[in-house]
Each structure stands twice: as structure tokens, then as C-alpha cells.
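Shown next: work_13.txt, given as compact mmCIF, C-alpha atoms.
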```
# COMPACT_ATOMS: atom_id res chain seq x y z
CA MET A 1 138.71 65.25 24.29
CA ARG A 2 141.25 64.15 26.85
CA SER A 3 144.28 62.15 25.75
CA LEU A 4 145.40 59.36 28.07
CA ILE A 5 148.95 58.08 28.48
CA SER A 6 150.14 54.69 29.73
CA PRO A 7 153.67 53.27 29.75
CA ARG A 8 153.53 52.17 26.08
CA LEU A 9 150.42 53.85 24.71
CA LEU A 10 148.85 57.17 23.84
CA LEU A 11 145.05 57.19 23.68
CA ARG A 12 144.07 60.18 21.58
CA GLU A 13 141.33 61.57 19.39
CA TRP A 14 140.75 59.88 16.05
CA GLU A 15 141.76 62.23 13.22
CA GLU A 16 141.03 62.35 9.49
CA LYS A 17 144.61 61.20 8.81
CA ASP A 18 143.71 57.91 10.57
CA ILE A 19 140.95 56.95 8.10
CA ASP A 20 143.11 54.44 6.19
CA PHE A 21 143.99 52.59 9.40
CA LEU A 22 140.39 52.70 10.61
CA LEU A 23 139.25 51.22 7.28
CA ASP A 24 141.95 48.55 7.33
CA MET A 25 141.10 47.44 10.87
CA TYR A 26 137.30 47.49 10.63
CA SER A 27 137.19 45.92 7.17
CA ARG A 28 138.53 42.71 8.74
CA TRP A 29 135.91 40.19 9.82
CA GLU A 30 138.16 38.92 12.62
CA VAL A 31 137.87 42.40 14.20
CA ALA A 32 134.24 43.21 13.34
CA ARG A 33 132.66 39.84 14.19
CA PHE A 34 132.22 40.68 17.87
CA LEU A 35 131.04 44.29 17.48
CA GLY A 36 127.46 45.44 17.90
CA ALA A 37 124.09 43.81 17.35
CA ALA A 38 124.68 43.09 13.66
CA PRO A 39 128.43 42.82 13.04
CA ARG A 40 129.61 44.00 9.63
CA VAL A 41 132.86 45.07 8.05
CA LEU A 42 133.49 48.51 6.60
CA SER A 43 133.25 48.38 2.83
CA GLY A 44 135.09 51.53 1.81
CA ARG A 45 136.51 54.90 2.69
CA ASP A 46 133.05 56.53 2.89
CA ASP A 47 132.07 53.92 5.50
CA ALA A 48 135.19 54.75 7.52
CA VAL A 49 134.50 58.51 7.38
CA ALA A 50 130.88 57.89 8.46
CA THR A 51 132.11 55.74 11.36
CA LEU A 52 134.45 58.49 12.54
CA THR A 53 131.61 61.04 12.33
CA ARG A 54 129.27 58.74 14.28
CA TRP A 55 131.93 58.27 16.97
CA ARG A 56 132.40 62.03 17.33
CA ASP A 57 128.64 62.44 17.69
CA ARG A 58 128.63 59.95 20.62
CA GLN A 59 131.14 61.96 22.66
CA ASP A 60 130.27 64.17 25.61
CA ASP A 61 132.12 65.45 28.67
CA VAL A 62 132.94 61.91 29.82
CA HIS A 63 132.21 59.44 27.01
CA THR A 64 134.89 59.16 24.35
CA ILE A 65 136.27 56.86 21.65
CA TRP A 66 140.07 56.98 21.47
CA ALA A 67 142.64 55.87 18.91
CA ILE A 68 145.27 53.67 20.56
CA GLN A 69 148.76 54.64 19.40
CA ASP A 70 152.14 53.09 20.21
CA ARG A 71 154.14 55.85 21.93
CA ALA A 72 157.49 54.51 20.73
CA THR A 73 156.66 54.00 17.04
CA GLY A 74 153.63 56.23 16.49
CA HIS A 75 151.79 53.28 14.89
CA LEU A 76 148.07 52.98 15.45
CA LEU A 77 146.99 49.79 17.21
CA GLY A 78 143.23 50.05 17.67
CA THR A 79 140.36 51.69 19.53
CA ALA A 80 139.47 52.16 23.19
CA LEU A 81 136.09 53.43 24.26
CA LEU A 82 134.00 54.59 27.17
CA VAL A 83 130.47 55.07 25.82
CA PRO A 84 126.82 54.85 26.86
CA LEU A 85 125.54 51.28 26.63
CA LEU A 86 122.61 50.88 24.25
CA ALA A 87 119.54 49.09 25.64
CA SER A 88 117.79 46.36 23.69
CA GLY A 89 114.59 47.45 22.01
CA GLU A 90 113.03 48.33 18.68
CA LYS A 91 115.37 51.32 18.60
CA LEU A 92 118.71 51.09 20.42
CA LEU A 93 118.77 53.95 22.94
CA PRO A 94 121.13 54.73 25.84
CA ALA A 95 120.49 52.48 28.82
CA GLY A 96 121.85 54.97 31.37
CA GLU A 97 124.94 52.83 31.94
CA THR A 98 128.52 53.16 30.70
CA GLU A 99 130.45 50.58 28.71
CA ILE A 100 134.19 50.15 28.33
CA GLY A 101 135.51 48.48 25.20
CA TRP A 102 138.54 47.89 23.01
CA HIS A 103 139.08 46.83 19.42
CA LEU A 104 142.62 45.98 18.32
CA HIS A 105 144.11 45.45 14.88
CA PRO A 106 145.14 41.78 14.51
CA ASP A 107 148.80 42.85 14.28
CA ALA A 108 148.45 44.16 17.86
CA TRP A 109 146.79 41.07 19.37
CA GLY A 110 148.49 39.12 22.15
CA LYS A 111 150.83 41.90 23.29
CA GLY A 112 148.89 43.23 26.29
CA TYR A 113 147.77 46.42 24.54
CA ALA A 114 144.06 45.86 25.20
CA THR A 115 144.63 45.45 28.94
CA GLU A 116 146.99 48.44 29.10
CA ALA A 117 144.63 50.70 27.17
CA ALA A 118 141.61 49.52 29.17
CA ASN A 119 143.45 50.17 32.46
CA ALA A 120 144.05 53.76 31.32
CA VAL A 121 140.35 54.11 30.43
CA MET A 122 139.31 52.61 33.80
CA SER A 123 141.49 55.16 35.63
CA TYR A 124 139.92 57.94 33.55
CA ALA A 125 136.43 56.60 34.34
CA ALA A 126 137.20 56.57 38.07
CA ARG A 127 138.53 60.16 37.95
CA SER A 128 135.39 61.15 36.04
CA GLY A 129 133.07 59.59 38.63
CA VAL A 130 131.79 56.80 36.37
CA ASN A 131 130.81 53.83 38.53
CA PRO A 132 130.06 51.12 37.75
CA VAL A 133 131.73 50.53 34.41
CA LEU A 134 130.26 47.65 32.41
CA ALA A 135 131.61 45.51 29.57
CA VAL A 136 129.64 43.21 27.31
CA THR A 137 131.15 40.53 25.09
CA TYR A 138 129.87 37.91 22.74
CA PRO A 139 129.96 34.54 24.56
CA GLU A 140 132.69 33.22 22.24
CA ASN A 141 134.93 36.29 22.67
CA THR A 142 137.12 34.71 25.31
CA ALA A 143 140.04 37.10 24.65
CA SER A 144 137.97 40.13 25.70
CA GLN A 145 136.54 38.21 28.65
CA ALA A 146 140.12 37.55 29.79
CA VAL A 147 140.85 41.29 29.56
CA CYS A 148 137.75 41.99 31.69
CA ARG A 149 139.05 39.60 34.34
CA ARG A 150 142.54 41.16 34.24
CA LEU A 151 140.85 44.53 34.85
CA GLY A 152 139.26 43.09 38.00
CA MET A 153 135.75 43.13 36.56
CA ARG A 154 133.22 40.67 37.93
CA HIS A 155 131.44 38.33 35.50
CA VAL A 156 127.69 38.72 36.03
CA GLY A 157 126.61 36.19 33.38
CA PRO A 158 124.57 36.26 30.19
CA THR A 159 122.23 39.16 29.51
CA ASP A 160 119.98 40.26 26.67
CA ARG A 161 119.53 43.81 28.04
CA TYR A 162 121.86 45.40 25.48
CA TYR A 163 122.16 45.61 21.68
CA ASN A 164 119.32 43.09 21.05
CA VAL A 165 121.66 40.14 21.44
CA THR A 166 122.66 37.80 24.28
CA LEU A 167 126.03 38.89 25.65
CA GLU A 168 128.24 38.14 28.64
CA LEU A 169 128.09 40.99 31.17
CA PHE A 170 131.02 42.17 33.31
CA THR A 171 130.94 44.97 35.90
CA THR A 172 133.16 46.92 38.26
CA GLY A 173 130.18 47.25 40.63
CA GLU A 174 128.55 44.91 43.10
```
How does the structure come out when it is put into C-alpha cells?
Amino acid sequence: MRSLISPRLLLREWEEKDIDFLLDMYSRWEVARFLGAAPRVLSGRDDAVATLTRWRDRQDDVHTIWAIQDRATGHLLGTALLVPLLASGEKLLPAGETEIGWHLHPDAWGKGYATEAANAVMSYAARSGVNPVLAVTYPENTASQAVCRRLGMRHVGPTDRYYNVTLELFTTGE
């Protein structure tokens, strides 16, 4: 896995020592409510370990899920990701497209960390030859939609092509 560095942030591999933070962040409904086809909170340490294992299984030469860490304090702030989008269907399977995403702990909201981390991921995607990069958000997730716009992504509109739910689609492509 490649670590990424921005002015304030280090994007690095999730490690076992991060499980308590991962559990704290993803056990909060305000974080989990906009994630996936059937949002749910983590219910315990075993859930957090299983999540970390699932993330590691999704990685390949380009696609990665990073821990976002404050370079000055060493505190964890959230997650950044560049992963295969999952197409709607009876079984969610890769759609052949790549999704960027970010999930921040509520203590890190409103400080520009999502945009900074996502910019680092976008640069990595460009260096890796990933084009276009897509983002999907729940319609009511206006904070993430604002990040998409700050990244220069174009709003395509609503789509039901991914995750068996209607989402707002953003792209770096035409």
C-alpha cells in the first residue's frame, strides 16, 4: 500500500492498533447513515476487525482504503478510499468503475480534512491512470456533495446504477 502525504495529513494503511478508533467512528450513526446500500453501525470490536479484514481484501495495485492521520498530532481523523464501485443487482459486484470516498470522525468535521484527503487521493488516482473517478452520495449528504464540487467533479444527477439505492453521481470525466 502506498502512503500519501498532504500539508496536514498522512494517508496510510489501517493497522490493528487502529481498531478502537475504527469502532468509535463507525459505531456512530451520524457517520454510518450515508454509507452503503443498507447503512448500519458497528456493534463491537469483532465487527471492527471484520471491517478491517474486508477492506484489506478489496485492495489491489490501485484500489486502497487509507486511514487519515493528522501529521502534527498523530490523531486519526477518518478514512479515505479509492475502490471499485459496486453495481446494483441481486449481488453487488464491481461495476468496472472507480469510486473515491471519505468518512470523517465527527470531531474532524468542518476543518477541510475531507477535501485535503480527497485531493491527495485524486492526485494518486491520476498518477495511477484512473480516469474517470466517480463519487456517489446520498441525496441528503450535502457536505460530501460540497467536497465533490471543491474537487472539481461534475454533478451528473441521480442514479440507481450502484449499491441498489438512488444516489447522486459525480464524475471527473465528461
* Identify, on the basis of all atoms listed in the file, every residue whose closest approach to Arg56 (chain A) does not exceed 9 Å; exclude the query and any residue fewer than 4 positions from it along the same chain; express the result as a list in words. =>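 Residues near the query, excluding close chain neighbours: Trp14, Thr51, Leu52, Asp60, Thr64 and Ile65 of chain A.
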With distances taken over all atoms listed in the file, the candidate from A:Thr142, A:Ser3, A:Asn131, A:Thr137 nearest Glu174 (chain A) is A:Asn131
With a distance cut-off of 12 Å and all atoms listed in the file, select the neighbouring residues of Arg154 (chain A), excluding the residue or stretch itself and same-chain residues fewer than 6 positions from it, and output the selection as a PyMOL selection string. chain A and resi 132-136+145-148+168-174
Original post:
Which of these residues is nearest to Ala117 (chain A), using all atoms listed in the file: A:Leu76, A:Lys17, A:His155, A:Arg8?
Top reply: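 The shortest atom-to-atom distance to Ala117 (chain A) comes from A:Arg8.
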Nearest to Ile68 (chain A), restricted to all atoms listed in the file and choosing among A:Met25, A:Leu10, A:Ala32, A:Ala87, comes out as A:Leu10
_Every residue with an atom at most 12 Å from (134.1, 58.2, 28.6) (file coordinates; only C-alpha atoms) is what I'm after, so could you write them as a VMD selection string?_
chain A and resid 1 to 4 55 58 to 66 80 to 85 97 to 101 118 120 to 131 133 to 134
Is it possible to get the axis-aligned box enclosing region 118-121 of chain A (all listed atoms, 4 Å extra per side) as lines of an AutoDock Vina configuration file, with centre and edge lengths in Å rounded to one decimal?
```
center_x = 142.2
center_y = 51.8
center_z = 30.8
size_x = 11.7
size_y = 12.6
size_z = 11.3
```
### Query
Just how far from CA of Trp29 (chain A) is CA of Pro106 (chain A), in Å to one decimal?
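Between these atoms lies a distance of 10.5 Å.
Residues in contact with Tyr163 (chain A) at up to 8 Å, not including ones fewer than 4 positions away on its chain and judged by all atoms listed in the file, are Gly36, Ala37, Leu86, Ala87, Ser88, Gly89 and Leu92 of chain A.
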| query | Suppose you want the space between CA of Thr159 (chain A) and CA of Trp102 (chain A); what is it in Å? | reply |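 These two atoms are separated by 19.6 Å.
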Distance criterion (only C-alpha atoms): nearest to Ile5 (chain A) out of A:Ala67, A:Met153, A:Ala38, A:Leu104: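 Residue with the minimum atom-to-atom distance to Ile5 (chain A): A:Ala67.
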| Quick one: of A:Asp70, A:Glu140, A:Glu13, A:Asp20, who's nearest to Pro158 (chain A), counting all atoms listed in the file? |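 Using all atoms listed in the file, Pro158 (chain A) sits closest to A:Glu140.
Nearest residue to Ala108 (chain A) among A:Arg149, A:Arg45, A:His75, A:Lys91 is A:His75, counting only C-alpha atoms.
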Quick check, in Å to one decimal: how far apart do CA of Phe34 (chain A) and CA of Arg12 (chain A) lie?
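CA of Phe34 (chain A) sits 23.1 Å away from CA of Arg12 (chain A).
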